[in-house]
Amino acid sequence: TAHFSYRGVWGSHGYYRFSYLIEDTFAVVDMLRQRAEQYRIDPERIYLLGHSMGGFTALNAIADGLKVRGAVIVAPCDMAMRCQEELTSYEKMKKTAQSGVFNLPDGKCLWEDLELNCGKWRFDALADRLPPEIGLHFIGGTRDTAVPPPKHIFPLYERLLDRGMDVSYQELNTGHAFTGYRITLTGMVYDLIEKMERDR
């Protein structure tokens with residue numbers, strides 16, 4: 001597995017912006033393909049795993065044309081919907097970001113980035129942009145109050161089902177951090193990727 005930190009967070013250089021998350025995901029996958037022999041990677045069998053903001057990023061990267069074999073999306077946060085419909089939650093996140101967790105050029109950049117891209121980033125707008133051949137599997141937490149599945153997962157999941165895509169949804173009786181269920185979650189992710197491999 002390849003785990004990376006986006007620019008502007010957890011000590012990485014540069015500024016943090018939502019659009020950069022998507023760009024960085026493209027860059028990492030491209031780097032893996034360029035160094036496939038060095039890292040003993042099959043460049044045709046790359047999968048994405050994204051949790052929360054990572055789920056938002058993985059979905060949007062795939063919708064923007066990132067070529068991967070499939071993805072497991074865990075408790076994804078629809079940031080675009082949140083900035084339009086859940087302003088209280090957005091403001092809490094912005095305060096956390098401005099507290100020093102993220103390296104921001106100014107206090108307006110996150111909002112401006114979302115406002116500019118809301119139309120294409122919202123999950124309900126992604127359904128028609130996600131390639132029909134890709135496997136997408138969602139995992140949610142029944143006690144997730146930060147990113148409730150009925151609001152952040154189900155609208156997109158149901159639209160993908162209507163399109164006849166290879167999608168599934170599973171859930172665990174836990175909250176957003178999946179505390180106490182990390183080993184179970186890891187097994188679920190492994191099983192889903194194995195299933196996608198078998199179904200190809």
# chains A, B, ... in the order shown; residues from 1 in each chain; ligands from 1

call {"tool": "residues_around", "arguments": {"residues": "range 91-104 of chain A", "least_positions_apart": "2", "cutoff": "8 Å", "atoms": "only C-alpha atoms", "output": "PyMOL selection string"}}
result
chain A and resi 8-10+14-17+87-89+106-107+109-110

call {"tool": "closest_atom_pairs", "arguments": {"of": "range 111-176 of chain A", "to": "range 37-61 of chain A", "cutoff": "8 Å", "atoms": "only C-alpha atoms", "output": "CSV"}}
result
residue,atom,partner,partner_atom,distance
A:Trp121,CA,A:Asn60,CA,6.5
A:Leu126,CA,A:Asn60,CA,7.4
A:Leu130,CA,A:Leu59,CA,7.9
A:Val147,CA,A:Ser52,CA,7.8

call {"tool": "write_last_selection", "arguments": {"atoms": "N, CA and C atoms", "output": "mmCIF file, in the first residue's frame"}}
result
data_model
loop_
_atom_site.group_PDB
_atom_site.id
_atom_site.type_symbol
_atom_site.label_atom_id
_atom_site.label_comp_id
_atom_site.auth_asym_id
_atom_site.auth_seq_id
_atom_site.Cartn_x
_atom_site.Cartn_y
_atom_site.Cartn_z
ATOM 1 N N TRP A 121 -18.317 18.998 -7.810
ATOM 2 C CA TRP A 121 -17.827 18.165 -6.709
ATOM 3 C C TRP A 121 -18.920 17.498 -5.895
ATOM 4 N N LEU A 126 -21.772 13.708 -9.250
ATOM 5 C CA LEU A 126 -20.715 12.801 -9.682
ATOM 6 C C LEU A 126 -21.225 11.557 -10.405
ATOM 7 N N LEU A 130 -18.787 9.321 -13.198
ATOM 8 C CA LEU A 130 -17.979 8.164 -12.810
ATOM 9 C C LEU A 130 -18.079 7.087 -13.884
ATOM 10 N N VAL A 147 -20.541 12.376 9.440
ATOM 11 C CA VAL A 147 -20.871 12.180 8.030
ATOM 12 C C VAL A 147 -21.941 11.091 7.952
#

call {"tool": "residues_around", "arguments": {"residues": "Arg159 in chain A", "least_positions_apart": "4", "cutoff": "12 Å", "atoms": "only C-alpha atoms", "output": "list in words"}}
result
Phe123, Asp124, Ala125, Leu126, Ala127, Asp128, Arg129, Leu130, Pro132, Ile153, Phe154, Pro155, Arg163, Gly164, Met165, Asp166, Val167 and Ser168 of chain A

call {"tool": "closest_residue", "arguments": {"among": "A:Asp144, A:Glu133, A:Glu112, A:Glu23", "to": "Glu171 in chain A", "atoms": "only C-alpha atoms"}}
result
A:Asp144

call {"tool": "closest_residue", "arguments": {"among": "A:Pro105, A:Gly180, A:Pro76, A:Gly135", "to": "Pro150 in chain A", "atoms": "only C-alpha atoms"}}
result
A:Pro76

call {"tool": "select_by_dssp", "arguments": {"residues": "range 17-192 of chain A", "states": "strand (DSSP E or B)", "output": "list in words"}}
result
Tyr47, Leu48, Leu49, Gly50, His51, Gly70, Ala71, Val72, Ile73, Val74, Phe102, Gly135, Leu136, His137, Phe138, Ile139, Gly140, Gly141, Asp166, Val167, Ser168, Tyr169, Gln170, Glu171 and Leu172 of chain A

call {"tool": "select_by_dssp", "arguments": {"residues": "chain A", "states": "helix (DSSP H, G or I)", "output": "PyMOL selection string"}}
result
chain A and resi 18-34+36-39+53-63+79-85+87-101+109-121+123-126+149-152+154-162+182-199

call {"tool": "residues_around", "arguments": {"residues": "Phe18 in chain A", "least_positions_apart": "2", "cutoff": "8 Å", "atoms": "only C-alpha atoms", "output": "MDAnalysis selection string"}}
result
chainID A and resid 16 20:22 110 113:114

call {"tool": "write_last_selection", "arguments": {"atoms": "C-alpha atoms", "output": "JSON list (two decimals), in the first residue's frame"}}
result
[["chain", "number", "residue", "atom", "x", "y", "z"],
["A", 16, "TYR", "CA", -3.74, 23.12, 1.43],
["A", 20, "TYR", "CA", -5.00, 20.17, -4.55],
["A", 21, "LEU", "CA", -6.18, 16.94, -2.90],
["A", 22, "ILE", "CA", -7.39, 15.74, -6.28],
["A", 110, "LEU", "CA", -11.12, 26.87, 1.38],
["A", 113, "ASP", "CA", -12.23, 26.65, -3.70],
["A", 114, "LEU", "CA", -15.50, 24.98, -2.73]]

call {"tool": "atom_distance", "arguments": {"atom1": "CA of Cys83 in chain A", "atom2": "CA of Arg122 in chain A"}}
result
9.9 Å

call {"tool": "atom_distance", "arguments": {"atom1": "CA of Pro148 in chain A", "atom2": "CA of Phe26 in chain A"}}
result
27.7 Å
